[in-house]
Amino acid sequence: MKLDQPVTGGPCWAELGTSDVEAAKRFYTKLFGWRPRTDARLQTGGYAIARLGDAAVAGLSPLYQPAQPVAWNVSFAVDDADAAARRVTEAGGTVLLGPEDVFDAGRFAVAAGPDEEVFHLWQARAFPGAGLFDAPGALGWVELLTREPGRARDFYTAVFGWSAGGTERYPRWSVGGAEFGGMVTMDDKFPHEVPAHWLPYFAVTDVDRAAADATSGSGTVLMTPTSLPEGPRIAVLRDPQGAMFGVYRAQGG
């Protein structure tokens, strides 16, 4: 990710919704060296923020609704959550929750794109989002997996003002000239039951070691470590509760 801090339109936070926050804390602490701390306020329901050093890097959240799946979610920074929510509906998406205030931290909404992929909108106030990007243990890339790439391009361009460069096979999202993610077309190789989704990638110094650590921590390797042509070494993993995420070798790693 060329972004080194949250910017309007770009990814600003990754949040895990999980059936077992305490187990997730143990798994990701071993994998990334995170220091998760649960918010003591009863209203948060056990929400935890993971840190590397002094920097907040990700959220670990209990499931707040019975139908909520175990999954990683990506938040995108907006100047006005209410205006962004209107753009979502005008572009053919759906607002699933909010916008609503989260204490004094910011204003938040849950939305879905044209292929029903879920993402979050975040209007920062006291909390800007992740304090570290593209460093070992931190968010470094976000990837949309969709069966509707044409509609996705039109939708996200309209909602966030993104550009889609790269190649036809793998378009790359950018905002303000800075690349931060890509798009994969889900073909017949993807099981029908796998929905469209946003997949966060976290930087690591050693992808093969991260895959081995995930396995030893009762996780699963979904895509074995692979060196991409003219790209980094990556792997796709699943944690013990079922949430999928990617890892990639940090620059210089």
# chains A, B, ... in the order shown; residues from 1 in each chain; ligands from 1
>>> residues_around(residues="Ala243 in chain A", least_positions_apart="5", cutoff="9 Å", atoms="only C-alpha atoms", output="list in words")
Leu16, Gly17, Thr18, Pro69, Val70, Ala71, Trp72, Leu237 and Arg238 of chain A
>>> residues_around(residues="range 53-64 of chain A", least_positions_apart="5", cutoff="8 Å", atoms="only C-alpha atoms", output="PyMOL selection string")
chain A and resi 13-21+24-25+45-48+69-70+129-133+137-139
>>> closest_residue(among="A:Trp198, A:Phe160, A:Phe180, A:Phe119", to="Met244 in chain A", atoms="only C-alpha atoms")
A:Trp198
>>> select_by_dssp(residues="range 19-133 of chain A", states="strand (DSSP E or B)", output="VMD selection string")
chain A and resid 35 to 38 48 to 52 55 to 62 71 to 77 94 to 102 106 to 112 118 to 124
>>> residues_around(residues="Ala105 in chain A", least_positions_apart="5", cutoff="10 Å", atoms="only C-alpha atoms", output="ChimeraX atom specification")
/A:122-129
>>> write_last_selection(atoms="all heavy atoms", output="mmCIF file, in the first residue's frame")
data_model
loop_
_atom_site.group_PDB
_atom_site.id
_atom_site.type_symbol
_atom_site.label_atom_id
_atom_site.label_comp_id
_atom_site.auth_asym_id
_atom_site.auth_seq_id
_atom_site.Cartn_x
_atom_site.Cartn_y
_atom_site.Cartn_z
ATOM 1 N N TRP A 122 -16.346 5.144 7.481
ATOM 2 C CA TRP A 122 -15.876 5.716 8.749
ATOM 3 C C TRP A 122 -15.580 7.196 8.582
ATOM 4 O O TRP A 122 -14.691 7.583 7.823
ATOM 5 C CB TRP A 122 -14.629 5.003 9.247
ATOM 6 C CG TRP A 122 -14.121 5.528 10.558
ATOM 7 C CD1 TRP A 122 -12.988 6.259 10.779
ATOM 8 C CD2 TRP A 122 -14.773 5.390 11.834
ATOM 9 N NE1 TRP A 122 -12.885 6.572 12.112
ATOM 10 C CE2 TRP A 122 -13.970 6.045 12.786
ATOM 11 C CE3 TRP A 122 -15.954 4.766 12.252
ATOM 12 C CZ2 TRP A 122 -14.307 6.105 14.135
ATOM 13 C CZ3 TRP A 122 -16.295 4.821 13.603
ATOM 14 C CH2 TRP A 122 -15.463 5.487 14.525
ATOM 15 N N GLN A 123 -16.343 8.020 9.296
ATOM 16 C CA GLN A 123 -16.097 9.457 9.384
ATOM 17 C C GLN A 123 -15.386 9.720 10.699
ATOM 18 O O GLN A 123 -15.980 9.618 11.770
ATOM 19 C CB GLN A 123 -17.417 10.221 9.318
ATOM 20 C CG GLN A 123 -17.270 11.726 9.479
ATOM 21 C CD GLN A 123 -18.614 12.428 9.587
ATOM 22 O OE1 GLN A 123 -19.647 11.888 9.182
ATOM 23 N NE2 GLN A 123 -18.615 13.619 10.144
ATOM 24 N N ALA A 124 -14.110 10.017 10.624
ATOM 25 C CA ALA A 124 -13.294 10.123 11.834
ATOM 26 C C ALA A 124 -13.586 11.395 12.607
ATOM 27 O O ALA A 124 -13.815 12.468 12.030
ATOM 28 C CB ALA A 124 -11.815 10.077 11.466
ATOM 29 N N ARG A 125 -13.564 11.248 13.921
ATOM 30 C CA ARG A 125 -13.547 12.376 14.841
ATOM 31 C C ARG A 125 -12.326 12.192 15.736
ATOM 32 O O ARG A 125 -11.225 12.510 15.340
ATOM 33 C CB ARG A 125 -14.871 12.463 15.595
ATOM 34 C CG ARG A 125 -16.025 12.898 14.678
ATOM 35 C CD ARG A 125 -17.386 12.829 15.319
ATOM 36 N NE ARG A 125 -18.421 13.257 14.382
ATOM 37 C CZ ARG A 125 -19.704 12.939 14.483
ATOM 38 N NH1 ARG A 125 -20.121 12.176 15.488
ATOM 39 N NH2 ARG A 125 -20.574 13.360 13.586
ATOM 40 N N ALA A 126 -12.501 11.634 16.925
ATOM 41 C CA ALA A 126 -11.347 11.439 17.804
ATOM 42 C C ALA A 126 -10.448 10.298 17.346
ATOM 43 O O ALA A 126 -9.252 10.287 17.653
ATOM 44 C CB ALA A 126 -11.823 11.179 19.232
ATOM 45 N N PHE A 127 -11.020 9.334 16.609
ATOM 46 C CA PHE A 127 -10.239 8.164 16.184
ATOM 47 C C PHE A 127 -10.118 8.149 14.660
ATOM 48 O O PHE A 127 -11.098 7.914 13.954
ATOM 49 C CB PHE A 127 -10.912 6.871 16.659
ATOM 50 C CG PHE A 127 -10.138 5.619 16.325
ATOM 51 C CD1 PHE A 127 -8.963 5.315 17.000
ATOM 52 C CD2 PHE A 127 -10.569 4.764 15.325
ATOM 53 C CE1 PHE A 127 -8.241 4.168 16.682
ATOM 54 C CE2 PHE A 127 -9.867 3.615 15.010
ATOM 55 C CZ PHE A 127 -8.697 3.321 15.695
ATOM 56 N N PRO A 128 -8.910 8.388 14.113
ATOM 57 C CA PRO A 128 -8.748 8.466 12.661
ATOM 58 C C PRO A 128 -8.706 7.122 11.954
ATOM 59 O O PRO A 128 -8.896 7.044 10.746
ATOM 60 C CB PRO A 128 -7.411 9.201 12.501
ATOM 61 C CG PRO A 128 -6.639 8.833 13.734
ATOM 62 C CD PRO A 128 -7.667 8.745 14.822
ATOM 63 N N GLY A 129 -8.431 6.056 12.720
ATOM 64 C CA GLY A 129 -8.250 4.746 12.090
ATOM 65 C C GLY A 129 -6.877 4.198 12.410
ATOM 66 O O GLY A 129 -6.262 4.560 13.426
#
>>> residues_around(residues="range 78-89 of chain A", least_positions_apart="3", cutoff="7 Å", atoms="only C-alpha atoms", output="NGL selection string")
:A and (8-9 or 92-95 or 99 or 107-109 or 121-123 or 159)
>>> residues_around(residues="Gly217 in chain A", least_positions_apart="6", cutoff="9 Å", atoms="only C-alpha atoms", output="PyMOL selection string")
chain A and resi 26-27+30-31+239-240
>>> write_last_selection(atoms="all heavy atoms", output="CSV table (one decimal), in the first residue's frame")
chain,number,residue,atom,x,y,z
A,26,ARG,N,-5.5,-14.5,21.0
A,26,ARG,CA,-4.4,-15.4,21.1
A,26,ARG,C,-3.8,-15.7,19.7
A,26,ARG,O,-2.5,-15.7,19.5
A,26,ARG,CB,-4.8,-16.6,21.8
A,26,ARG,CG,-5.2,-16.4,23.3
A,26,ARG,CD,-5.3,-17.8,24.0
A,26,ARG,NE,-6.5,-18.5,23.5
A,26,ARG,CZ,-7.7,-18.4,24.0
A,26,ARG,NH1,-8.0,-17.6,24.9
A,26,ARG,NH2,-8.7,-19.2,23.5
A,27,PHE,N,-4.6,-16.0,18.7
A,27,PHE,CA,-4.2,-16.3,17.4
A,27,PHE,C,-3.4,-15.2,16.7
A,27,PHE,O,-2.3,-15.4,16.2
A,27,PHE,CB,-5.4,-16.7,16.6
A,27,PHE,CG,-5.1,-17.1,15.1
A,27,PHE,CD1,-4.6,-18.3,14.8
A,27,PHE,CD2,-5.2,-16.1,14.1
A,27,PHE,CE1,-4.3,-18.7,13.5
A,27,PHE,CE2,-4.9,-16.5,12.8
A,27,PHE,CZ,-4.5,-17.7,12.5
A,30,LYS,N,0.0,-14.2,18.4
A,30,LYS,CA,1.1,-15.1,18.0
A,30,LYS,C,1.5,-14.8,16.5
A,30,LYS,O,2.7,-14.8,16.2
A,30,LYS,CB,0.7,-16.6,18.1
A,30,LYS,CG,1.7,-17.6,17.6
A,30,LYS,CD,1.2,-19.0,17.7
A,30,LYS,CE,2.3,-20.0,17.2
A,30,LYS,NZ,1.8,-21.4,17.2
A,31,LEU,N,0.6,-14.6,15.7
A,31,LEU,CA,0.8,-14.4,14.2
A,31,LEU,C,1.5,-13.1,13.9
A,31,LEU,O,2.5,-13.0,13.2
A,31,LEU,CB,-0.4,-14.5,13.4
A,31,LEU,CG,-0.3,-14.6,11.9
A,31,LEU,CD1,0.4,-15.9,11.5
A,31,LEU,CD2,-1.7,-14.6,11.3
A,239,ASP,N,-8.5,-18.0,9.9
A,239,ASP,CA,-8.3,-18.2,11.4
A,239,ASP,C,-9.2,-19.3,11.9
A,239,ASP,O,-10.0,-19.9,11.2
A,239,ASP,CB,-8.4,-16.9,12.1
A,239,ASP,CG,-9.9,-16.4,12.3
A,239,ASP,OD1,-10.8,-17.2,12.1
A,239,ASP,OD2,-10.0,-15.2,12.5
A,240,PRO,N,-9.0,-19.7,13.2
A,240,PRO,CA,-9.7,-20.9,13.7
A,240,PRO,C,-11.2,-20.7,13.7
A,240,PRO,O,-12.0,-21.7,13.7
A,240,PRO,CB,-9.1,-21.1,15.1
A,240,PRO,CG,-7.8,-20.5,15.0
A,240,PRO,CD,-7.9,-19.3,14.1
>>> select_by_dssp(residues="range 2-182 of chain A", states="alpha helix (DSSP H)", output="PyMOL selection string")
chain A and resi 21-32+81-90+149-160
>>> decode(residues="range 49-63 of chain A", atoms="C-alpha atoms", output="mmCIF file, in the first residue's frame")
data_model
loop_
_atom_site.group_PDB
_atom_site.id
_atom_site.type_symbol
_atom_site.label_atom_id
_atom_site.label_comp_id
_atom_site.auth_asym_id
_atom_site.auth_seq_id
_atom_site.Cartn_x
_atom_site.Cartn_y
_atom_site.Cartn_z
ATOM 1 C CA ILE A 49 -8.242 -2.724 19.675
ATOM 2 C CA ALA A 50 -4.971 -4.372 18.682
ATOM 3 C CA ARG A 51 -1.789 -2.322 18.718
ATOM 4 C CA LEU A 52 1.770 -2.549 17.508
ATOM 5 C CA GLY A 53 3.835 -0.267 19.673
ATOM 6 C CA ASP A 54 1.644 2.793 20.210
ATOM 7 C CA ALA A 55 -0.187 2.412 16.901
ATOM 8 C CA ALA A 56 -3.699 0.994 16.633
ATOM 9 C CA VAL A 57 -3.727 -1.517 13.769
ATOM 10 C CA ALA A 58 -7.010 -3.498 13.868
ATOM 11 C CA GLY A 59 -10.230 -4.124 15.741
ATOM 12 C CA LEU A 60 -11.498 -7.406 17.179
ATOM 13 C CA SER A 61 -15.237 -7.403 17.680
ATOM 14 C CA PRO A 62 -17.829 -9.844 19.003
ATOM 15 C CA LEU A 63 -20.732 -10.703 16.704
#
